[in-house]
Amino acid sequence: MPSFSYRSGWADEGVQRFRKTARQFIRNEFAPQQARWQRQRRPDAAAWTAAGRAGLLLPDIPTEYGGGGGSFAHACVVLEELALAGVHFGCSLHGIVAHYLLAYGSEEQKRRWLPRMARGELVGAVALSEANAGSDLQGIRTAARRDADSYVVNGAKAFVTNGAHAGIICLAVKTDSRVPGMKGISLLIVEAPGLAGYRVGRTLEKVGMHAQDTCELFFDDVRVPAANLLGPAEGKGFAQIMEQAPYERLTVGVGAVAMIERALAVTTRHVKGRSAFNKQLIEFQNTRFKLAECKTEAHIGRVFLDDCIERFIAGELDDIATAMAKYWLTERQCRIVDACLQLHGGQGYLAESPIAGMWIDSRVQRICAGTSEIMKEMIGWSL
Ligand SMILES: Cc1cc2nc3c(=O)[nH]c(=O)nc-3n(C[C@H](O)[C@H](O)[C@H](O)COP(=O)(O)OP(=O)(O)OC[C@H]3O[C@@H](n4cnc5c(N)ncnc54)[C@H](O)[C@@H]3O)c2cc1C
């Protein structure tokens with residue numbers, strides 16, 4: 001595993017201590033379960049409460065709401081340690097729901113939901129995308145009609161990470177179908193299990209990331225208390241999604257750099273341990289040059305990411321820099337992991353090899369949380 005000889009400026013002593021705890025828990029408790037979770041296409045429900053007890057679920061939410069009271073640095077540590085251990089667990093999306101609540105929830109909403117989320121009793125999911133609306137969220141059709149003190153929700157969501165165990169869903173709906181586009185969109189917090197008309201559909205069969213479930217959700221005249229609207233008024237949902245997107249995009253970048261560092265470590269070990277033509281693979285100039293290129297790009301990525309993390313913690317990171325990080329780091333991730341697989345030869349194509357797992361899992365990074373093309377559009381608008 002990478003030694004982190006390069007010390008990130010945001011990782012102070014407290015963060016390093018937290019890293020030790022997170023690393024120990026993830027390697028001892030989660031890594032041995034990974035193969036089974038992959039087969040069952042989701043983690044055990046009990047994994048959520050175990051992660052809650054270990055303090056890994058909402059490390060960057062204030063303690064008054066049950067969180068760890070840390071900063072974004074603590075959330076980064078959990079994501080890095082998961083990626084370094086090759087473990088899939090949807091705590092990133094869970095944390096994003098918590099940040100929606102922290103940013104826009106009423107005091108009553110925060111106190112009702114955040115402590116249970118921190119303990120892992122309520123699993124969070126973000127349901128924005130639909131079968132016909134992903135990049136273009138203005139096209140969502142799921143509708144919420146106000147009826148007395150409830151909203152009546154009808155529609156379907158696709159690609160919902162953590163959908164299988166979701167206890168609390170941040171749901172994008174059209175509250176005003178007369179207003180076209182973004183203006184009629186609102187966010188509702190739905191405590192889903194047990195609601196009449198709510199149904200978890202099939203777990204989507206992805207090419208990778210098997211230990212993390214991605215589901216369809218169906219809403220058929222589901223009544224949600226009007227008090228579960230997020231924010232002071234209807235129609236604020238699109239702006240809220242745009243405001244929270246940088247957090248999610250940066251977490252994707254964090255996972256990308258950690259996987260790059262793992263791929264390099266795994267591949268360096270492999271090329272030192274295997275021989276061809278009476279030489280170790282690392283003795284071939286091509287091997288050293290490929291790894292030299294990868295290591296240089298990994299270092300550039302790490303420095304760029306660390307700068308973004310520090311500026312994010314300081315509240316100074318702009319949306320364009322976040323889009324650049326999400327785009328560039330995930331594109332490099334795919335390129336570097338592919339180069340590393342090539343250096344493994346046939347062993348790299350075996351499903352059991354760690355580099356093959358990384359190769360498959362890295363692909364989605366350029367799609368989820370805003371595709372590379374959408375990131376480039378955003379960067380382009382700033383020119
Ligand atoms: C594993 C996984 C987990 C996910 N988890 C969640 C989740 O938890 N919650 C959730 O809400 N969603 C989730 N998603 C959905 C994800 O956010 C969308 O897949 C993503 O935003 C892309 O949308 P789309 O799939 O509809 O693709 P489309 O929008 O149909 O895009 C198709 C192609 O067209 C390109 N394109 C679209 N618009 C433009 C444009 N203006 N300019 C140039 N090119 C363009 C895209 O870049 C892409 O290459 C998940 C997806 C995956 C694969």
# chains A, B, ... in the order shown; residues from 1 in each chain; ligands from 1
call {"tool": "select_by_dssp", "arguments": {"residues": "region 37-160 of chain A", "states": "helix (DSSP H, G or I)", "output": "number ranges by chain"}}
result
A: 37-40, 45-53, 63-65, 72-84, 91-104, 107-118, 137-139
call {"tool": "residues_around", "arguments": {"residues": "Ser372 (chain A)", "least_positions_apart": "5", "cutoff": "9 Å", "atoms": "only C-alpha atoms", "output": "ChimeraX atom specification"}}
result
/A:323,326-328,330-331,365-367,377
call {"tool": "write_last_selection", "arguments": {"atoms": "N, CA and C atoms", "output": "CSV table (one decimal), in the first residue's frame"}}
result
chain,number,residue,atom,x,y,z
A,323,ALA,N,-14.9,21.4,-10.9
A,323,ALA,CA,-15.2,20.7,-12.2
A,323,ALA,C,-13.9,20.2,-12.8
A,326,LYS,N,-12.7,17.2,-10.8
A,326,LYS,CA,-13.6,16.0,-11.1
A,326,LYS,C,-13.2,15.4,-12.5
A,327,TYR,N,-13.1,16.3,-13.5
A,327,TYR,CA,-12.8,15.9,-14.8
A,327,TYR,C,-11.4,15.3,-14.9
A,328,TRP,N,-10.4,16.1,-14.5
A,328,TRP,CA,-9.0,15.7,-14.8
A,328,TRP,C,-8.6,14.5,-14.0
A,330,THR,N,-10.4,12.1,-12.7
A,330,THR,CA,-11.0,10.8,-13.0
A,330,THR,C,-10.6,10.3,-14.4
A,331,GLU,N,-10.3,11.3,-15.3
A,331,GLU,CA,-9.8,10.9,-16.6
A,331,GLU,C,-8.4,10.3,-16.4
A,365,GLN,N,-16.3,6.6,-12.8
A,365,GLN,CA,-15.9,7.9,-12.2
A,365,GLN,C,-16.1,9.0,-13.2
A,366,ARG,N,-15.9,8.7,-14.5
A,366,ARG,CA,-16.1,9.7,-15.5
A,366,ARG,C,-17.5,10.0,-15.8
A,367,ILE,N,-18.4,9.3,-15.2
A,367,ILE,CA,-19.9,9.4,-15.5
A,367,ILE,C,-20.7,10.0,-14.4
A,377,GLU,N,-18.0,21.4,-20.2
A,377,GLU,CA,-18.9,22.5,-20.5
A,377,GLU,C,-18.8,23.6,-19.5
call {"tool": "residues_around", "arguments": {"residues": "region 14-31 of chain A", "least_positions_apart": "6", "cutoff": "8 Å", "atoms": "only C-alpha atoms", "output": "list in words"}}
result
Ala47, Ala54, Leu56, Ala73, His74, Val77, Val78, Glu81, Leu82, Ala85, Gly86 and Val87 of chain A
call {"tool": "select_by_dssp", "arguments": {"residues": "region 229-366 of chain A", "states": "strand (DSSP E)", "output": "list in words"}}
result
Ser275, Ala276, Lys279 and Gln280 of chain A
call {"tool": "residues_around", "arguments": {"residues": "Ser71 (chain A)", "least_positions_apart": "6", "cutoff": "9 Å", "atoms": "only C-alpha atoms", "output": "CSV table (one decimal) with C-alpha atoms, in the first residue's frame"}}
result
chain,number,residue,atom,x,y,z
A,59,PRO,CA,-17.2,12.7,10.4
A,60,ASP,CA,-17.6,16.2,9.1
A,61,ILE,CA,-21.0,17.0,10.7
A,62,PRO,CA,-21.1,19.0,14.0
A,313,ILE,CA,-12.1,23.5,3.9
call {"tool": "closest_residue", "arguments": {"among": "A:Gly66, A:Gly167, A:Gly208, A:Pro32", "to": "ligand 1", "atoms": "only C-alpha atoms and all ligand atoms"}}
result
A:Gly208
call {"tool": "residues_around", "arguments": {"residues": "Arg335 (chain A)", "least_positions_apart": "6", "cutoff": "10 Å", "atoms": "only C-alpha atoms", "output": "list in words"}}
result
Ile260, Cys294, Leu329, Leu341, Trp359, Ser362 and Arg363 of chain A
call {"tool": "write_last_selection", "arguments": {"atoms": "C-alpha atoms", "output": "PDB file, in the first residue's frame"}}
result
ATOM      1  CA  ILE A 260      -4.282   5.909  -8.579  1.00  0.00           C
ATOM      2  CA  CYS A 294       2.131   7.402 -14.016  1.00  0.00           C
ATOM      3  CA  LEU A 329      -8.538  13.385 -11.856  1.00  0.00           C
ATOM      4  CA  LEU A 341      -3.145  -3.268 -15.950  1.00  0.00           C
ATOM      5  CA  TRP A 359      -9.888  -1.027 -13.969  1.00  0.00           C
ATOM      6  CA  SER A 362     -12.616   3.361 -12.282  1.00  0.00           C
ATOM      7  CA  ARG A 363     -14.789   3.627 -15.394  1.00  0.00           C
TER       8      ARG A 363
END
call {"tool": "residues_near_ligand", "arguments": {"ligand": "ligand 1", "cutoff": "7 Å", "atoms": "only C-alpha atoms and all ligand atoms", "output": "ChimeraX atom specification"}}
result
/A:93,125-129,131-136,158-162,206,214,364,367-374,377
call {"tool": "closest_residue", "arguments": {"among": "A:Thr142, A:Thr267, A:Arg199, A:Glu248", "to": "Ala98 (chain A)", "atoms": "only C-alpha atoms"}}
result
A:Glu248
call {"tool": "closest_residue", "arguments": {"among": "A:Gly68, A:Gly345, A:Pro232, A:Gly237", "to": "Ile140 (chain A)", "atoms": "only C-alpha atoms"}}
result
A:Gly237
call {"tool": "closest_atom_pairs", "arguments": {"of": "region 230-279 of chain A", "to": "region 106-118 of chain A", "cutoff": "12 Å", "atoms": "only C-alpha atoms", "output": "JSON lines"}}
result
{"residue": "A:Leu230", "atom": "CA", "partner": "A:Ser106", "partner_atom": "CA", "distance": 7.9}
{"residue": "A:Gly231", "atom": "CA", "partner": "A:Ser106", "partner_atom": "CA", "distance": 7.4}
{"residue": "A:Pro232", "atom": "CA", "partner": "A:Ser106", "partner_atom": "CA", "distance": 8.5}
{"residue": "A:Ala233", "atom": "CA", "partner": "A:Ser106", "partner_atom": "CA", "distance": 11.8}
call {"tool": "atom_distance", "arguments": {"atom1": "CA of Arg269 (chain A)", "atom2": "CA of Leu281 (chain A)"}}
result
10.3 Å
